[in-house]
Structure formats: structure tokens, C-alpha cells
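Asker: Pasting a structure below so you can have a look.
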Amino acid sequence: MNDLDLTLRAALADALAAIGATPAPAPDSLALQPTRKEFAGAYTFVTFPFAKAAGKAPEALGQALGEYLRANCPAVSGYNVVKGFLNLEIADGEWLNQFAVLSSAANDQQPETSNQKPKVMVEYSSPNTNKPLHLGHLRNNFLGYSVAAILAENGAEVTKANLINDRGIHICKSMIAYQRFGHGETPESSGTKGDHLVGHYYVLFDKHYREEVRQLQNEGLTEEQAKKQAPLLTGAQEMLLRWEQGDLATVELWRRMNGWVYDGFEQTYKSIGVDFDRYYYESDTYLLGKERVEEGLAKGVFFRKPDSSVWVDLTTEGLDEKLLLRADGTSVYITQDLGTAELKYQETQCEQSVYVIGDEQNYHMQVLQAVLRKLGKPYAEGIHHLSYGMVDLPSGRMKSREGTVVDADELVQEMIDTARATTQEMGKIDGLTETEAETLFRTLALGALKFFLLKVEPKKRMLFNPAESIDFQGHTGPFVQYTHARIRAIGRKAAAGTTATDASPGAYDGALQPTERELIHQLLGYRTAVRVAARELAPSVIAQYAYDLARTFNRFYADVRVLDEADASRRTFLLTLCARVAATLQRSLGLLGITAPERM
RNA sequence: GGUUGUGUAGCUCAACUGGAUAGAGCAUCUGACUACGAAUCAGAAGGUUUAAGGUUCGACUCCUUACACGACCA
């Protein structure tokens, strides 16, 4: 929503009232849409819904409204009516006014919201400590980082959180495999990144475990028996028990291996440009969950079965009965999540809490919210599950068993190599130092990768085609980055030239080219795009916005020669327009976690 | 079996939440660098929006019922 929208809607409301529509609609209830490009005009008002109230046929109503607006609303310079569609043309002077407002410093900063910033927590990444990050995690990380940035841009105070799943049987599997086969090697001694090293032992566990199972089956056990009795597995289970009892040696090994993993994760996070304000560890929070269960029992919203396990009945919510605590008193997943939710709220008072988690957890998240409601938690309503679909490969789903998992570190490195090759082939790194060039390759690689993963609506399952993801042309991150770099080049040339004849900004009052109107129109839409993206938790909205803006600019670029412009005031206007587009592209890309290079 | 998500050009995705002749990119073909940067631009071709009904001035969008694929819950 911007001033021009408001002006037009207010004028339309007046017009409808003047015509005698009953009841007279409020300006808020009137919707404007962009005019299709085959018709003249910028904004279209659909008259069908108001025909009855106005007592006119849609087309006649359009005519009457158009006539009224042209007479009474200076912003409207002309109109045309096609069936029930009223297309409004905006005066060039009005576009220039709007652009002047947009360019003023006041508009540059935060949105309309005031001193009372809503507090939002965005939890994302949330890895297990038994394996390195892969392609699926990248979608999660990029979504989380981007949504956090978008919410902040929309006026929220955002805390980025990472909940690390650092306990449980899976860690013990890596640990026992390391004890058996590790010979005391470390990331340093092996030259392996910590998360990869630990992941390696998780794979080793699985390999030897299956070997043991087969052995036992050969000795006459059934498959089921063998799977339960294999020494590696029972060893891991015993280890988990020792861990829970606080056995020193076990805890020490656990600390040590998790430390390696965290170092590895930090490297990856740094490499892909994501970060966090807070870390939560399930080893810290799982006990807190049990307190919530006690609370629920005391309030009478949970119940205990004869075997002393604790349940909640969610059948009135359309869900099932759900186990909250096992008969032996140990916690299940949801128990920990109850504890974590409480802790988050206590620490930050966040009224909104976004969980970036894959769509296989949809049911789980519904249950979590329903249970928190039962407990009467004030933050229950503020829980939003940003649910995203899996990333598939052309060969199908990623399967660790089949070795088709795309490792995050490797993928990023491949993208960088491709960026290097492509850029060098095009001969584009002339003036750059070695380190500048390397920075650029990373910028482009991540730009391509992030844009590729973020341009798709989150809830949709998506296909990762390696060949397309490293494409730098068309509907891609580098396309937008290139457009930005191109504009900056104009700025540099203009600055290098003489400034003596330059007019003051805002002096131009002549006619505009169609692409110039379009650019201003799109620039005016930035806030709306951010608001929609924030509401829908959808970075894809921003990706689409940035791409559209870049595309319009490139059309403008092809038919308006900025630096050849003789008229000083028009030249200044065009330069300001270019600068504004560049700034908006940069800002939009920033919301996606993408850097806009000065040259490429 | 129950709940739920998805289904749009050969492929990957859009469609401002019910609006006009469903739009982009890739791939295919045709043009534009002695030019502010060709990682660009202009154009051609490509569609029964899975299917069948319904709601209304108007449906990719909403409602039924199928079908396909996925996820979760016994």
C-alpha cells in the first residue's frame, strides 16, 4: 500500500458515493490491480461487484467512475473501459511526485509500524549432530534466514534460533562406532571437517551393524531377533543409558564429538552466510518438558493411564490421543518441544514463533500447538509452522542408504567452481584482485543457489536439477545481480563525468517513457511485496518481485540511453531512477540472503 | 483405512487470493554488440490448468466426486 493506492481508492469511494451507490463502500474494501499490458493504464478497477449497488451496468458504471476521476482526481490523466474493467492512466507529474516521495530519506527506513515492534522468533536449521548438512538443510537454512530478514524488514524484532538435536540414540551410534573403529583420530589428525568425520562414523555404524545382523541370522536368529540383539545396537543403547546417568567418560566423549560437529557446522553456516542469535540444545531442554507435563496433569488437561504413561486427548480438536510421557517416565519428542517452547517464551517474550520445519512434521506441529492451547499458554496462538516440501533430485528422493544425498559443502564448492569457470570464460574479472575475484565467485554461486531454492513457494515439493541450479541466465539470482551491477556501472560513469551541468533532483517535469512509469510503479510496490511475504512467510514473493523489477529495468535499459541524455534535469531524474532501482534490487536480494555485487 | 498437501507449456516455476486473451525462464527457431556491460534485449513456437460435475456476470483459484504422486497417523 502506498500513497497513490490510497489516493485512488479514496477517489473511487468518493466517486461511488457521488454516483449514489448504496451502501457506499469504504476505500479499504476497494481493490486495485495492475492493468494488463495490452491496455492503456496502470491501475485497473473491477466494477462488476458494485454494479448492483450503483444501479448501473458494469460498463456504464466504469464510464461514470472514469469521468468522475478524471474531473476530480488530479492523479488520473485518462481512462478507458473494457467490459467491466476501468483502466486508469496516471499523469506523468503524479508518477514523478510519487517517485520524489519514494526517494526521500524518510521513506528509506523502516515501515509504517511504530515503536511497538512485535517480537518474533524464527527457529531454523535445527540439525542433528550425527551427520553433515545436505541439500534439504540448505532449503531450510535459506528459508529461515530469509523469513527472518523479511519479518524484520516488515517491522518485527526478530530473534534467530537454532535448536540442536544433540541427544538420543543416533548420537550414541556415532559414538560407539568411533570407539570401535576410530583409533583416536580427530578432525585435525585426519584433516576432515568435524561434522563430516562424525557423519563418517554414523555411516560406519550402519555398515557394521548390518554386517552383525547378517551374521546373527546365519547363526539361526530371525531377522527381528538379530536386529535387536546385534552388539553394536545394544552397545549404543547402553551408552544412551550411561549418558542419561551422567557417566563421566560417556559424557566426555559426547562433548568432544559434538564439539567437532559444531565446529563443522559453524564453518558451513559461515560459508553459506546464515547466522543465529541463540542456540538451544535438546540436552538442555528435554527435562523442562517434563515440568510442562506435570503442569498439564495438575491442570487436569492431561491424564495418566493405568501403566502410568501420560496422554492428552485431542479428539475434540480433530486429532488423536497423544502420548506425552512414556510409562517408564522417559520423554518423547513432543515432551522436549513443550519445554523448548516455554524456554523460548521466557527468554524473549516472543508473541510469534516461526518454526521452519519440513512438511513431514505437519501433524506433529499441529499437536504441539493444540497441547500448548490446552495448557493455556499465551504464546500458543503465535506459533506458525513454516512447512516446506522436500527437495527431490532428478533421480528421485535423496537416500543416504543409496549415497544420493547431496552434501551441502560439496554442492557449494561445485557452484563456486562453476561460477569461476563461467566468469573467466566471459572475461569479466579484468580489474579484480585474486581475493576480490574469489569473493565474487562465492557471491554468484550463493546467489544462484539461494535464488533457485527460494523462488519456489515453500510448501511445494521441488526438484533440484543440478544443471539448472547453476544456470546464470534467465530466471536466476545472477540475472538480478547482473542487473544491479549494470546499474552501478552507469552510476560510476556518471560520477566520473562532469557534474557542472547537473540539475537538482526532482527538477524534471517532462514526459515519461512507458518503462519509466513501470519502474516507478514497481518501486512503489516494494512495501506491499514485503508485507505479503511476511504474512505468507514466503520468500518466493520477494524473489518474484526482484526478478520482475530487474526484468523491467533491462527493458528500460534497452530503449533509454541515460548517459546520452542531453537535458540536464531529465538526465538527473534518470540517474536517480537508476540508483533507486539498484538500491531496491540490493535490498530485495538482501532479504533473500543474497549479496548484490558492484561489478561482475 | 484415516488425515493432509500437491497436480498448470517438453522441463522448472508464476498467476497480486474470484477478474480481461493463464504469464516467465530453460530447451528449440529468428533477429540485435564500432552501443551506459549481450550473464542482456526484441520476436516465433509451445495450454482442454489431471478428469467429470456444480456455484456466478466471470473459476487455475471456491464446493462435490474420481484419478495420480507425496507426507503423516493407526
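Residues are referred to by chain and number: the chain letter is A, B, ... according to the order shown in the C-alpha cells, the number counts from 1 in that chain, and ligands are numbered separately from 1 in the order shown.
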List every residue of chain B that has an atom at most 9 Å from any atom of chain A, giving for each one its closest atom pair and the distance in Å to one decimal, counting only C-alpha atoms (C1' of nucleotides), sorted by chain and then by ascending residue number, as CSV.
Answerer:
residue,atom,partner,partner_atom,distance
B:U3,C1',A:Leu319,CA,8.7
B:U4,C1',A:Asn362,CA,8.5
B:G5,C1',A:Lys459,CA,8.1
B:U6,C1',A:Lys460,CA,7.0
B:U12,C1',A:Leu463,CA,7.7
B:C13,C1',A:Val456,CA,6.7
B:A14,C1',A:Gln544,CA,8.2
B:C16,C1',A:Gln33,CA,7.1
B:G19,C1',A:Val46,CA,7.2
B:A20,C1',A:Phe85,CA,7.5
B:A24,C1',A:His475,CA,7.6
B:G25,C1',A:His475,CA,4.9
B:C26,C1',A:Glu468,CA,7.6
B:C36,C1',A:Ile490,CA,5.5
B:G37,C1',A:Arg486,CA,5.9
B:A39,C1',A:Gln473,CA,5.7
B:U40,C1',A:Asn554,CA,7.0
B:C41,C1',A:Ala558,CA,6.1
B:C57,C1',A:Phe48,CA,7.3
B:G70,C1',A:Arg461,CA,8.5
B:A71,C1',A:Glu360,CA,5.2
B:C72,C1',A:Glu360,CA,6.1
B:C73,C1',A:Tyr363,CA,8.1
Asker: If you count only C-alpha atoms (C1' of nucleotides), which residues fall within 7 Å of Gly66 in chain A, apart from same-chain ones fewer than 3 positions away, as a PyMOL selection string?
Answerer: chain A and resi 62-63+69-70+79+86
Asker: Please write the residues from the selection above to a file, keeping C-alpha atoms, as a compact mmCIF listing (two decimals), in the first residue's frame.
Answerer:
# COMPACT_ATOMS: atom_id res chain seq x y z
CA GLY A 62 -16.94 2.22 -15.41
CA GLN A 63 -17.59 5.17 -17.69
CA LEU A 69 -11.99 10.59 -11.52
CA ARG A 70 -10.66 12.49 -14.48
CA TYR A 79 -9.15 6.22 -18.54
CA LEU A 86 -11.92 0.52 -15.63
Asker: Can you pull out every residue within 9 Å of Gly296 in chain A, counting only C-alpha atoms (C1' of nucleotides), but drop anything in the same chain fewer than 4 positions away, and send it as JSON, numbers by chain?
Answerer: {"A": [291, 292, 300, 301, 302, 303, 312, 374, 375]}
Asker: Restricted to C-alpha atoms, what would the selected residues look like written as a PDB file, in the first residue's frame?
Answerer:
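And here is the file that came out, selection-v7.pdb:
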ATOM      1  CA  GLU A 291       7.699 -29.995  34.038  1.00  0.00           C
ATOM      2  CA  ARG A 292       5.123 -28.991  31.430  1.00  0.00           C
ATOM      3  CA  GLY A 300      -6.322 -31.704  34.570  1.00  0.00           C
ATOM      4  CA  VAL A 301      -5.861 -31.314  30.824  1.00  0.00           C
ATOM      5  CA  PHE A 302      -3.585 -34.380  30.608  1.00  0.00           C
ATOM      6  CA  PHE A 303      -4.341 -37.788  32.062  1.00  0.00           C
ATOM      7  CA  VAL A 312      -3.534 -35.808  26.140  1.00  0.00           C
ATOM      8  CA  LYS A 374      -4.729 -26.901  26.301  1.00  0.00           C
ATOM      9  CA  LEU A 375      -2.135 -25.667  28.717  1.00  0.00           C
TER      10      LEU A 375
END
Asker: Excluding Gln229 in chain A and any residue of its chain fewer than 5 positions from it, enumerate the residues within 10 Å of it, using only C-alpha atoms (C1' of nucleotides), and give them as a ChimeraX atom specification.
Answerer: /A:212-213,216,221,223-224,234-235
Asker: Can I get the selection written as a tab-separated table (two decimals), in the first residue's frame, with C-alpha atoms?
Answerer:
chain	number	residue	atom	x	y	z
A	212	GLU	CA	26.35	-58.14	12.53
A	213	VAL	CA	22.69	-58.69	11.78
A	216	LEU	CA	23.38	-63.47	13.61
A	221	LEU	CA	18.22	-65.99	14.59
A	223	GLU	CA	15.73	-61.06	11.27
A	224	GLU	CA	13.78	-59.39	14.03
A	234	THR	CA	22.81	-52.94	22.32
A	235	GLY	CA	26.07	-51.13	22.90
Asker: What does the structure give for the distance between CA of Leu297 in chain A and CA of Leu323 in chain A, in Å to one decimal?
Answerer: 13.0 Å
Asker: Determine, counting only C-alpha atoms (C1' of nucleotides), which protein, DNA and RNA residues have an atom within 7 Å of an atom of range 395-406 of chain A; residues of the same chain fewer than 2 positions away are not included. Present the result as an MDAnalysis selection string.
Answerer: chainID A and resid 134:135 392:393 408 411
Asker: Pull N, CA and C atoms from the residues just selected and write them as a short mmCIF file (atom, residue, chain, number, x, y, z; two decimals), in the first residue's frame.
Answerer:
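And here is the file that came out, selection.cif:
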data_model
loop_
_atom_site.label_atom_id
_atom_site.label_comp_id
_atom_site.auth_asym_id
_atom_site.auth_seq_id
_atom_site.Cartn_x
_atom_site.Cartn_y
_atom_site.Cartn_z
N HIS A 134 22.93 -31.28 4.40
CA HIS A 134 22.77 -31.64 2.99
C HIS A 134 21.81 -30.67 2.31
N LEU A 135 21.49 -30.99 1.07
CA LEU A 135 20.67 -30.09 0.25
C LEU A 135 19.35 -29.71 0.92
N ASP A 392 13.71 -32.86 -4.17
CA ASP A 392 13.98 -34.10 -4.88
C ASP A 392 15.08 -33.91 -5.91
N LEU A 393 15.71 -34.98 -6.26
CA LEU A 393 16.70 -34.96 -7.34
C LEU A 393 16.06 -35.55 -8.59
N ALA A 408 25.99 -30.48 1.49
CA ALA A 408 25.94 -29.01 1.37
C ALA A 408 27.29 -28.41 1.01
N LEU A 411 28.28 -29.24 -2.55
CA LEU A 411 27.45 -28.53 -3.52
C LEU A 411 27.91 -27.08 -3.67
#
